[in-house]
>>> print(open('input-v7.txt').read())   # compact mmCIF, C-alpha atoms
# COMPACT_ATOMS: atom_id res chain seq x y z
CA MET D 342 95.22 -58.45 -244.15
CA PRO D 343 98.60 -57.52 -245.64
CA ILE D 344 101.46 -57.40 -243.19
CA ARG D 345 103.23 -54.21 -244.15
CA ASP D 346 104.87 -52.64 -241.16
CA PHE D 347 107.77 -54.75 -239.96
CA GLN D 348 110.53 -52.39 -241.24
CA TYR D 349 112.51 -55.27 -242.67
CA GLY D 350 112.37 -54.06 -246.25
CA PHE D 351 109.64 -56.30 -247.63
CA LYS D 352 105.91 -56.23 -248.22
CA SER D 353 103.79 -59.32 -248.31
CA LYS D 354 101.40 -60.10 -251.11
CA PRO D 355 97.70 -59.59 -250.34
CA TYR D 356 96.38 -62.69 -248.49
CA GLY D 357 99.91 -64.15 -248.49
CA PHE D 358 99.69 -66.11 -251.79
CA ILE D 359 98.77 -65.84 -255.49
CA ILE D 360 96.93 -68.54 -257.43
CA LYS D 361 98.12 -68.70 -261.03
CA GLY D 362 96.13 -70.03 -263.95
CA GLY D 363 92.83 -68.45 -263.00
CA ASN D 364 91.33 -71.59 -261.52
CA MET D 365 89.57 -70.11 -258.50
CA GLN D 366 88.12 -73.42 -257.29
CA TYR D 367 91.48 -74.15 -255.67
CA VAL D 368 91.14 -70.93 -253.70
CA GLY D 369 87.80 -72.14 -252.40
CA TYR D 370 89.22 -75.53 -251.45
CA ILE D 371 92.12 -73.93 -249.60
CA LEU D 372 89.84 -71.52 -247.73
CA ILE D 373 87.41 -74.27 -246.70
CA LEU D 374 90.18 -76.59 -245.54
CA GLY D 375 91.81 -73.73 -243.66
CA LEU D 376 88.54 -72.83 -241.95
CA VAL D 377 87.90 -76.45 -240.93
CA PHE D 378 91.44 -76.78 -239.56
CA PHE D 379 91.22 -73.48 -237.67
CA THR D 380 87.83 -74.43 -236.17
CA ALA D 381 89.20 -77.82 -235.06
CA ILE D 382 92.12 -76.14 -233.34
CA LEU D 383 89.76 -73.77 -231.51
CA ILE D 384 87.55 -76.63 -230.32
CA TYR D 385 90.55 -78.72 -229.21
CA PHE D 386 92.14 -75.97 -227.15
CA GLY D 387 88.88 -74.33 -226.05
CA LEU D 388 89.87 -70.95 -227.47
CA SER D 389 87.91 -68.07 -228.92
CA PRO D 390 89.15 -66.66 -232.26
CA GLN D 391 90.65 -63.66 -230.44
CA GLN D 392 92.44 -65.91 -227.95
CA ALA D 393 93.78 -68.05 -230.77
CA ILE D 394 95.22 -65.02 -232.58
CA ASN D 395 96.80 -63.73 -229.36
CA LYS D 396 98.29 -67.14 -228.58
CA LEU D 397 99.62 -67.50 -232.13
CA LEU D 398 101.34 -64.13 -232.02
CA GLY D 399 102.72 -64.88 -228.57
CA ARG D 400 104.28 -68.11 -229.81
CA ILE D 401 106.03 -66.55 -232.81
CA SER D 402 109.54 -65.80 -231.60
CA MET D 403 109.97 -62.50 -233.42
CA PHE D 404 106.81 -61.16 -231.77
CA ARG D 405 107.92 -62.44 -228.36
CA ASP D 406 111.64 -61.63 -228.20
CA GLN D 407 112.00 -57.96 -229.02
CA THR D 408 115.49 -57.80 -227.51
CA LYS D 409 116.68 -59.71 -230.56
CA PHE D 410 115.50 -56.98 -232.90
CA GLY D 411 116.66 -53.95 -230.94
CA TRP D 412 113.26 -52.20 -230.78
CA LEU D 413 112.78 -52.19 -234.56
CA LEU D 414 109.81 -54.50 -234.41
CA LYS D 415 106.45 -53.01 -235.28
CA ILE D 416 103.22 -54.82 -235.92
CA PRO D 417 100.43 -54.12 -238.40
CA ALA D 418 97.20 -52.39 -237.45
CA MET D 419 95.06 -55.32 -236.28
CA HIS D 420 92.20 -55.85 -233.86
CA PHE D 421 93.01 -57.46 -230.51
CA ASN D 422 90.23 -57.58 -227.92
CA LYS D 423 88.54 -54.45 -229.28
CA ALA D 424 91.82 -52.48 -229.17
CA VAL D 425 93.45 -51.22 -232.37
CA LEU D 426 97.23 -51.25 -232.25
CA PRO D 427 98.97 -48.27 -233.86
CA SER D 428 101.82 -49.07 -236.22
CA ASN D 429 104.50 -48.10 -233.68
CA SER D 430 103.32 -50.40 -230.88
CA VAL D 431 105.51 -53.07 -229.33
CA VAL D 432 103.77 -56.30 -228.34
CA HIS D 433 104.19 -57.07 -224.66
CA SER D 434 104.17 -60.65 -223.39
CA PRO D 435 103.43 -60.65 -219.66
CA TYR D 436 103.63 -63.70 -217.42
CA ARG D 437 100.44 -64.22 -215.43
CA LEU D 438 101.17 -64.97 -211.81
CA ARG D 439 99.74 -68.04 -210.13
CA LEU D 440 99.02 -67.12 -206.53
CA ASP D 441 97.51 -69.33 -203.85
CA THR D 442 95.20 -66.74 -202.28
CA TYR D 443 93.32 -67.42 -199.08
CA ASP D 444 89.96 -67.04 -200.86
CA GLY D 445 90.92 -69.73 -203.38
CA THR D 446 90.34 -67.77 -206.61
CA GLY D 447 93.85 -66.42 -207.27
CA GLN D 448 92.27 -63.11 -208.32
CA CYS D 449 94.45 -60.30 -206.92
CA VAL D 450 95.05 -56.58 -207.32
CA HIS D 451 97.48 -53.91 -206.20
CA PRO D 452 100.80 -55.80 -206.06
CA ASP D 453 103.65 -54.10 -204.27
CA VAL D 454 107.11 -55.70 -204.40
CA VAL D 455 110.43 -55.05 -202.68
CA TYR D 456 113.73 -56.53 -203.82
CA ILE D 457 116.26 -57.39 -201.09
CA GLN D 458 119.66 -58.17 -202.58
CA GLN D 459 120.96 -60.23 -199.67
CA GLY D 460 117.65 -62.00 -199.21
CA PHE D 461 115.25 -61.98 -196.28
CA GLY D 462 113.51 -64.59 -194.18
CA VAL D 463 114.32 -68.24 -193.52
CA GLU D 464 115.01 -69.07 -197.17
CA ARG D 465 116.60 -65.68 -197.95
CA TRP D 466 113.97 -64.81 -200.54
CA LYS D 467 115.01 -61.79 -202.60
CA TYR D 468 111.51 -60.77 -203.60
CA TRP D 469 108.67 -60.03 -201.22
CA MET D 470 105.21 -59.01 -202.32
CA VAL D 471 102.07 -57.79 -200.63
CA ILE D 472 98.86 -58.05 -202.61
CA THR D 473 95.12 -58.09 -201.95
CA PRO D 474 92.67 -60.73 -203.21
CA TYR D 475 89.78 -59.15 -205.10
CA PRO D 476 87.56 -61.96 -206.42
CA PHE D 477 85.14 -60.45 -208.96
CA GLY D 478 85.53 -57.06 -207.27
CA ARG D 479 84.38 -58.03 -203.76
CA ASP D 480 86.25 -55.67 -201.45
CA GLN D 481 85.59 -57.65 -198.25
CA TYR D 482 88.38 -60.00 -199.42
CA GLU D 483 90.78 -57.14 -200.08
CA ASN D 484 93.01 -57.92 -197.11
CA PRO D 485 96.82 -57.65 -197.35
CA SER D 486 98.45 -61.00 -198.14
CA VAL D 487 102.19 -61.69 -198.32
CA PHE D 488 104.17 -63.89 -200.74
CA ALA D 489 107.89 -64.49 -201.29
CA SER D 490 109.93 -65.46 -204.35
CA HIS D 491 113.45 -66.21 -205.49
CA ASP D 492 112.92 -64.85 -209.01
CA GLY D 493 109.95 -62.46 -208.89
CA VAL D 494 107.87 -64.77 -211.09
CA LYS D 495 107.10 -67.91 -209.09
CA TRP D 496 105.67 -67.02 -205.69
CA GLU D 497 105.08 -69.03 -202.54
CA ILE D 498 103.75 -68.56 -199.04
CA PRO D 499 106.61 -68.81 -196.52
CA PHE D 500 106.24 -71.66 -194.06
CA GLY D 501 104.33 -70.52 -190.96
CA LEU D 502 102.71 -67.50 -192.65
CA GLN D 503 98.94 -67.47 -192.70
CA ASN D 504 97.24 -65.09 -195.12
CA PRO D 505 95.65 -62.66 -194.84
CA ILE D 506 97.94 -60.98 -192.36
CA VAL D 507 95.23 -58.37 -191.69
CA CYS D 508 91.55 -59.22 -191.30
CA THR D 509 88.56 -57.31 -192.65
CA PRO D 510 87.64 -54.42 -190.29
CA PRO D 511 84.20 -54.43 -188.62
CA GLY D 512 81.30 -52.85 -190.49
CA SER D 513 79.36 -54.18 -193.47
CA GLU D 514 81.01 -51.76 -195.92
CA SER D 515 84.38 -51.30 -194.22
CA HIS D 516 87.37 -52.80 -195.99
CA ASN D 517 91.14 -52.78 -196.40
CA SER D 518 92.95 -51.96 -199.65
CA ASP D 519 96.04 -50.55 -201.34
CA PRO D 520 99.02 -52.09 -199.49
CA SER D 521 102.59 -50.79 -199.83
CA LEU D 522 105.71 -52.67 -198.72
CA LEU D 523 109.02 -51.16 -197.55
CA TYR D 524 112.28 -52.83 -196.49
CA TYR D 525 113.98 -50.73 -193.82
CA LYS D 526 116.63 -51.60 -191.21
CA ASN D 527 116.31 -55.37 -191.70
CA GLU D 528 112.54 -55.26 -191.31
CA LEU D 529 109.57 -55.38 -193.65
CA TRP D 530 107.20 -52.48 -193.11
CA LEU D 531 103.66 -52.79 -194.41
CA TYR D 532 101.43 -49.78 -195.00
CA PHE D 533 97.83 -50.15 -196.15
CA ARG D 534 94.62 -48.18 -196.49
CA GLN D 535 91.53 -48.86 -194.43
CA THR D 536 88.11 -47.41 -195.18
CA ILE D 537 85.71 -47.35 -192.24
CA LYS D 538 82.02 -47.07 -193.12
CA SER D 539 78.71 -47.52 -191.38
CA THR D 540 75.77 -45.66 -192.93
CA SER D 541 78.24 -43.03 -194.14
CA LEU D 542 81.97 -42.59 -194.43
CA GLU D 543 83.59 -42.32 -191.02
CA ALA D 544 87.24 -42.16 -192.05
CA ASN D 545 89.95 -43.21 -194.45
CA LYS D 546 93.04 -44.40 -192.60
CA ILE D 547 96.60 -45.53 -193.21
CA LEU D 548 97.75 -48.34 -190.94
CA MET D 549 101.21 -49.82 -190.54
CA SER D 550 102.68 -53.14 -189.39
CA LYS D 551 106.23 -54.56 -189.16
CA SER D 552 107.88 -57.96 -189.42
CA LEU D 553 111.36 -59.26 -188.59
CA ASP D 554 111.02 -62.37 -190.76
CA GLY D 555 108.07 -61.80 -193.12
CA VAL D 556 106.03 -64.46 -191.28
CA VAL D 557 105.11 -62.93 -187.92
CA TRP D 558 103.55 -59.46 -188.22
CA LEU D 559 102.88 -56.98 -185.42
CA GLU D 560 99.38 -55.71 -184.76
CA PRO D 561 98.82 -52.76 -187.16
CA ILE D 562 98.87 -49.24 -185.75
CA GLU D 563 97.00 -46.25 -187.16
CA ILE D 564 99.30 -43.50 -188.45
CA ILE D 565 96.97 -41.26 -190.53
CA SER D 566 93.22 -40.71 -190.43
CA SER D 567 91.24 -38.28 -192.57
CA LYS D 568 87.76 -37.40 -193.82
CA THR D 569 89.10 -34.84 -196.28
CA ASP D 570 91.66 -37.04 -198.03
CA THR D 571 90.82 -40.41 -199.55
CA LEU D 572 94.43 -41.63 -199.05
CA ILE D 573 94.20 -43.91 -202.08
CA SER D 574 97.18 -46.05 -203.12
CA PRO D 575 99.87 -44.92 -200.65
CA SER D 576 103.45 -45.48 -201.85
CA ILE D 577 106.28 -45.09 -199.34
CA LEU D 578 110.05 -44.98 -199.70
CA HIS D 579 113.07 -43.91 -197.68
CA ASN D 580 115.76 -41.87 -199.43
CA GLN D 581 118.57 -42.16 -196.83
CA ASP D 582 117.35 -39.06 -194.96
CA ILE D 583 113.58 -39.10 -194.74
CA PHE D 584 110.46 -41.11 -195.43
CA ILE D 585 108.17 -39.88 -198.21
CA MET D 586 104.59 -41.01 -198.84
CA TRP D 587 102.59 -40.29 -201.98
CA SER D 588 98.86 -40.96 -202.20
CA ILE D 589 95.83 -39.97 -204.28
CA ASN D 590 93.12 -37.63 -203.00
CA ALA D 591 89.94 -38.40 -204.95
CA LEU D 592 87.47 -36.09 -203.25
CA SER D 593 87.19 -33.73 -206.26
CA TRP D 594 87.78 -34.16 -209.99
CA PRO D 595 90.44 -34.22 -211.31
CA TYR D 596 92.07 -36.17 -208.50
CA SER D 597 95.46 -35.11 -207.17
CA ILE D 598 98.75 -36.69 -206.11
CA THR D 599 99.79 -35.54 -202.64
CA TRP D 600 102.99 -36.13 -200.70
CA ARG D 601 103.95 -36.19 -197.04
CA THR D 602 107.24 -36.60 -195.19
CA SER D 603 108.24 -38.30 -191.95
CA ILE D 604 111.37 -38.76 -189.85
CA ASP D 605 110.33 -42.10 -188.35
CA GLY D 606 107.77 -43.48 -190.85
CA ILE D 607 105.00 -43.16 -188.24
CA ASN D 608 104.43 -39.45 -187.64
CA TRP D 609 103.69 -37.66 -190.92
CA SER D 610 103.49 -34.07 -192.08
CA SER D 611 100.38 -32.57 -193.67
CA ALA D 612 99.78 -33.28 -197.34
CA THR D 613 101.06 -31.12 -200.21
CA ALA D 614 99.78 -31.42 -203.78
CA ALA D 615 102.35 -32.49 -206.38
CA ILE D 616 102.58 -30.99 -209.88
CA VAL D 617 101.52 -33.45 -212.60
CA GLU D 618 102.39 -33.05 -216.29
CA GLY D 619 101.70 -35.16 -219.38
CA ILE D 620 98.18 -36.43 -218.57
CA ASP D 621 95.35 -35.76 -221.04
CA LYS D 622 92.72 -33.33 -219.78
CA GLU D 623 89.92 -35.88 -219.83
CA ARG D 624 91.89 -38.25 -217.58
CA SER D 625 92.82 -38.08 -213.90
CA VAL D 626 95.40 -39.72 -211.66
CA TRP D 627 94.06 -42.80 -209.86
CA HIS D 628 96.66 -45.22 -208.40
CA PHE D 629 100.38 -44.73 -207.95
CA ASP D 630 103.69 -46.44 -207.15
CA VAL D 631 107.16 -44.91 -206.76
CA CYS D 632 110.63 -46.46 -207.16
CA LEU D 633 113.90 -44.82 -206.09
CA GLY D 634 116.41 -44.67 -208.96
CA GLN D 635 120.02 -43.55 -209.21
CA ASP D 636 119.33 -40.02 -210.41
CA CYS D 637 115.54 -39.64 -210.25
CA LEU D 638 112.33 -41.20 -209.02
CA HIS D 639 110.46 -43.60 -211.29
CA ALA D 640 106.72 -44.22 -211.06
CA LEU D 641 103.84 -46.22 -212.44
CA LEU D 642 100.59 -44.27 -212.57
CA VAL D 643 97.08 -45.44 -213.31
CA THR D 644 94.81 -42.80 -214.84
CA CYS D 645 91.06 -43.00 -215.34
CA THR D 646 88.18 -41.07 -216.92
CA GLY D 647 85.68 -41.26 -214.09
CA ASN D 648 84.61 -42.59 -210.71
CA SER D 649 85.95 -45.92 -209.45
CA GLY D 650 88.72 -46.01 -212.02
CA ARG D 651 86.69 -46.07 -215.21
CA ASP D 652 88.82 -46.78 -218.32
CA ALA D 653 91.93 -47.24 -216.15
CA ARG D 654 95.27 -47.38 -217.99
CA LEU D 655 98.95 -47.46 -216.97
CA HIS D 656 101.60 -44.78 -217.53
CA TYR D 657 105.30 -44.47 -216.72
CA GLY D 658 106.59 -41.24 -215.18
CA TYR D 659 109.58 -39.74 -213.46
CA SER D 660 110.52 -36.92 -211.08
CA LEU D 661 113.80 -35.01 -210.80
CA ASP D 662 112.96 -33.23 -207.53
CA MET D 663 112.03 -36.10 -205.19
CA GLY D 664 108.40 -36.27 -206.19
CA LYS D 665 107.19 -32.69 -206.06
CA ARG D 666 106.80 -32.50 -209.86
CA TRP D 667 106.01 -35.51 -212.04
CA ILE D 668 106.29 -35.94 -215.81
CA PHE D 669 104.23 -38.79 -217.24
CA LYS D 670 104.26 -40.47 -220.63
CA SER D 671 101.35 -41.71 -222.72
CA PHE D 672 99.81 -45.15 -222.22
CA MET D 673 102.53 -47.63 -221.33
CA LEU D 674 100.91 -50.85 -222.60
CA MET D 675 98.22 -51.59 -225.14
CA GLN D 676 95.24 -53.68 -224.00
CA ILE D 677 95.90 -56.61 -226.32
CA HIS D 678 95.51 -59.50 -223.88
CA ASP D 679 92.26 -60.91 -222.57
CA PHE D 680 93.14 -60.45 -218.90
CA GLU D 681 93.57 -56.66 -219.25
CA ASN D 682 91.13 -55.78 -222.02
CA ARG D 683 88.73 -53.99 -219.67
CA LEU D 684 91.10 -52.23 -217.26
CA GLN D 685 94.79 -51.98 -216.43
CA TYR D 686 95.10 -51.47 -212.71
CA ARG D 687 97.73 -50.50 -210.17
CA GLY D 688 101.26 -51.77 -210.75
CA CYS D 689 104.68 -51.48 -209.16
CA LEU D 690 108.24 -51.49 -210.44
CA VAL D 691 111.67 -52.55 -209.14
CA GLN D 692 115.04 -51.79 -210.72
CA ALA D 693 116.63 -55.07 -211.83
CA GLU D 694 119.87 -56.05 -210.12
CA GLY D 695 122.80 -55.68 -212.52
CA TYR D 696 120.67 -54.05 -215.22
CA PRO D 697 120.43 -50.30 -214.51
CA ASN D 698 117.98 -49.62 -217.35
CA ILE D 699 115.78 -52.68 -216.82
CA PHE D 700 112.79 -52.63 -214.48
CA GLU D 701 110.67 -55.51 -213.30
CA VAL D 702 106.99 -54.60 -213.37
CA TRP D 703 104.00 -56.27 -211.76
CA TYR D 704 100.50 -55.01 -212.55
CA SER D 705 96.87 -56.07 -212.39
CA GLY D 706 94.27 -56.27 -215.12
CA LEU D 707 90.53 -56.81 -215.39
CA SER D 708 89.06 -58.93 -218.18
CA SER D 709 85.74 -58.34 -219.90
CA ASN D 710 84.19 -61.16 -217.85
CA GLY D 711 85.15 -59.54 -214.54
CA VAL D 712 88.19 -61.64 -213.59
CA TRP D 713 91.21 -59.95 -212.01
CA THR D 714 94.73 -61.14 -212.86
CA THR D 715 98.19 -59.98 -211.81
CA ALA D 716 101.05 -60.22 -214.32
CA TYR D 717 104.82 -59.82 -214.45
CA LEU D 718 106.62 -57.97 -217.24
CA PRO D 719 110.30 -56.95 -217.62
CA MET D 720 110.70 -53.51 -219.20
CA ILE D 721 113.56 -51.29 -220.34
CA LEU D 722 114.06 -47.53 -219.94
CA VAL D 723 114.86 -45.87 -223.29
CA ASN D 724 114.95 -42.08 -223.67
CA ASN D 725 112.89 -41.49 -220.52
CA ASP D 726 110.23 -43.95 -221.60
CA LEU D 727 109.55 -47.44 -220.27
CA LEU D 728 109.13 -50.08 -223.00
CA PRO D 729 108.34 -53.80 -222.75
CA LEU D 730 111.20 -56.23 -223.22
CA GLY D 731 108.78 -58.96 -224.22
CA SER D 732 110.93 -61.83 -222.97
CA LEU D 733 112.04 -63.35 -219.67
CA LYS D 734 115.22 -64.79 -221.19
CA TRP D 735 117.37 -61.91 -220.00
CA LYS D 736 116.93 -63.17 -216.48
CA ASN D 737 116.80 -66.95 -216.21
CA ASN D 738 116.54 -69.53 -218.95
CA ASP D 739 114.71 -71.85 -216.58
CA ILE D 740 111.70 -69.52 -216.26
CA GLU D 741 108.86 -70.72 -218.45
CA GLU D 742 107.77 -68.55 -221.34
CA PRO D 743 105.17 -65.82 -220.77
CA SER D 744 101.58 -67.02 -220.93
CA ILE D 745 99.39 -65.24 -223.44
>>> encode(input="input-v7.txt", output="structure tokens")
Amino acid sequence: MPIRDFQYGFKSKPYGFIIKGGNMQYVGYILILGLVFFTAILIYFGLSPQQAINKLLGRISMFRDQTKFGWLLKIPAMHFNKAVLPSNSVVHSPYRLRLDTYDGTGQCVHPDVVYIQQGFGVERWKYWMVITPYPFGRDQYENPSVFASHDGVKWEIPFGLQNPIVCTPPGSESHNSDPSLLYYKNELWLYFRQTIKSTSLEANKILMSKSLDGVVWLEPIEIISSKTDTLISPSILHNQDIFIMWSINALSWPYSITWRTSIDGINWSSATAAIVEGIDKERSVWHFDVCLGQDCLHALLVTCTGNSGRDARLHYGYSLDMGKRWIFKSFMLMQIHDFENRLQYRGCLVQAEGYPNIFEVWYSGLSSNGVWTTAYLPMILVNNDLLPLGSLKWKNNDIEEPSI
């Protein structure tokens, strides 16, 4: 396939070479040798052809380090994991997190991260994350688990902390989900959703716990309970004056973003529907995370086309009125990597210290074979749109390269 769309003022020859003299047997020899070599490489590394192409592109520096080219890089229309990349796409190179989950699989969803500039806990970790294991989609393992990090990429369990910090509620179909983490007044505050079921739905609830050191957590208390609001994916922040919570009500299609306010973070107002713009009519809001910026609110939104998050994809959005009206962009990331080629799931974002236009993003993905993975990706805000940086070098040269 000709490579035509790099915007560097050249076009490659078809197939990359020309054989002069008309002796086509050399073409056959070259093709056979190339096929044998390629097959040997696949067998040695245990890769599928798609994985090999992805890994090759990820190792080529001009695909990986888009900061060097100032957003001029474009790639040709090619097939990656059943997704066709348009000519104006930027390849993203996420780092897949390695998390020691209590279930042993490392499969997690719904990361929520807070950045604490002065550090928190015994080792003054700057990054704290709550996440829920979700091995092959089994929700009984979806219990909030806490990790800490000095760089947002390599995570550990603080000494003395035993995950999960919340156990599965009683009832064969009851489960926890959708945690949200907040740093407030030198404490970590954890909010999470709990669905209570027996033969039918009894209630969706939001529970809350606190910790002074990130290791010892108080017994959760119930702060919201509803049968008329699904309370999916709560996201909570404090804006110097008041607490605000956004969540998704999925009782009727299309689903809606609702918001509540609180003076103390425990007693909440009734829900009000937010205005949502920029989402295609066939899609609906699904999961949500909000970040407080200097002059607006930033958000990551997952949209879907049907029940249980069908065809889920990520979007960036912003609000100029503290979350009453949201403007969302088109799909934020293409599904070019194996770990996200089935779904892109809930993510979160944190504004990078010292880089006002750079955001650190963590998000989950589902592969075609049903494995859940959580990844890290630095991104940059350009003209009210969030674009992948494609490299971790802006942050720390000691961090290993993104895994493809």
>>> closest_residue(input="input-v7.txt", among="D:Leu522, D:Val617, D:Val691, D:Val557", to="Leu502 in chain D", atoms="all atoms listed in the file")
D:Val557
>>> residues_around(input="input-v7.txt", residues="range 600-608 of chain D", least_positions_apart="6", cutoff="6 Å", atoms="all atoms listed in the file", output="PyMOL selection string")
chain D and resi 564+583-587
>>> residues_around(input="input-v7.txt", residues="Ile472 in chain D", least_positions_apart="2", cutoff="7 Å", atoms="only C-alpha atoms", output="PDB file with C-alpha atoms, in the frame of the given file")
ATOM      1  CA  CYS D 449      94.450 -60.300-206.920  1.00  0.00           C
ATOM      2  CA  VAL D 450      95.050 -56.580-207.320  1.00  0.00           C
ATOM      3  CA  HIS D 451      97.480 -53.910-206.200  1.00  0.00           C
ATOM      4  CA  PRO D 452     100.800 -55.800-206.060  1.00  0.00           C
ATOM      5  CA  ASP D 453     103.650 -54.100-204.270  1.00  0.00           C
ATOM      6  CA  MET D 470     105.210 -59.010-202.320  1.00  0.00           C
ATOM      7  CA  PRO D 474      92.670 -60.730-203.210  1.00  0.00           C
ATOM      8  CA  PRO D 485      96.820 -57.650-197.350  1.00  0.00           C
ATOM      9  CA  SER D 486      98.450 -61.000-198.140  1.00  0.00           C
ATOM     10  CA  VAL D 487     102.190 -61.690-198.320  1.00  0.00           C
ATOM     11  CA  PRO D 520      99.020 -52.090-199.490  1.00  0.00           C
TER      12      PRO D 520
END
>>> residues_around(input="input-v7.txt", residues="Asn682 in chain D", least_positions_apart="6", cutoff="7 Å", atoms="all atoms listed in the file", output="count of residues only")
5
>>> residues_around(input="input-v7.txt", residues="Leu727 in chain D", least_positions_apart="4", cutoff="9 Å", atoms="only C-alpha atoms", output="ChimeraX atom specification")
/D:656-658,670,673,699-700,720-723
>>> residues_around(input="input-v7.txt", residues="range 632-635 of chain D", least_positions_apart="6", cutoff="10 Å", atoms="all atoms listed in the file", output="ChimeraX atom specification")
/D:455,576-580,641,659-660,663,689-692,697-698,700
>>> atom_distance(input="input-v7.txt", atom1="CA of Ser649 in chain D", atom2="CA of Val471 in chain D")
21.9 Å
>>> atom_distance(input="input-v7.txt", atom1="CA of Arg624 in chain D", atom2="CA of His639 in chain D")
20.3 Å
>>> residues_near_point(input="input-v7.txt", point="(109.1, -61.8, -190.6)", cutoff="10 Å", atoms="all atoms listed in the file", output="list of chain:residue names")
D:Phe461, D:Gly462, D:Val463, D:Pro499, D:Gly501, D:Leu502, D:Asn527, D:Glu528, D:Leu529, D:Trp530, D:Lys551, D:Ser552, D:Leu553, D:Asp554, D:Gly555, D:Val556, D:Val557, D:Trp558, D:Leu559
>>> closest_residue(input="input-v7.txt", among="D:Cys637, D:Leu728, D:Ala653, D:Val712", to="Phe680 in chain D", atoms="all atoms listed in the file")
D:Val712
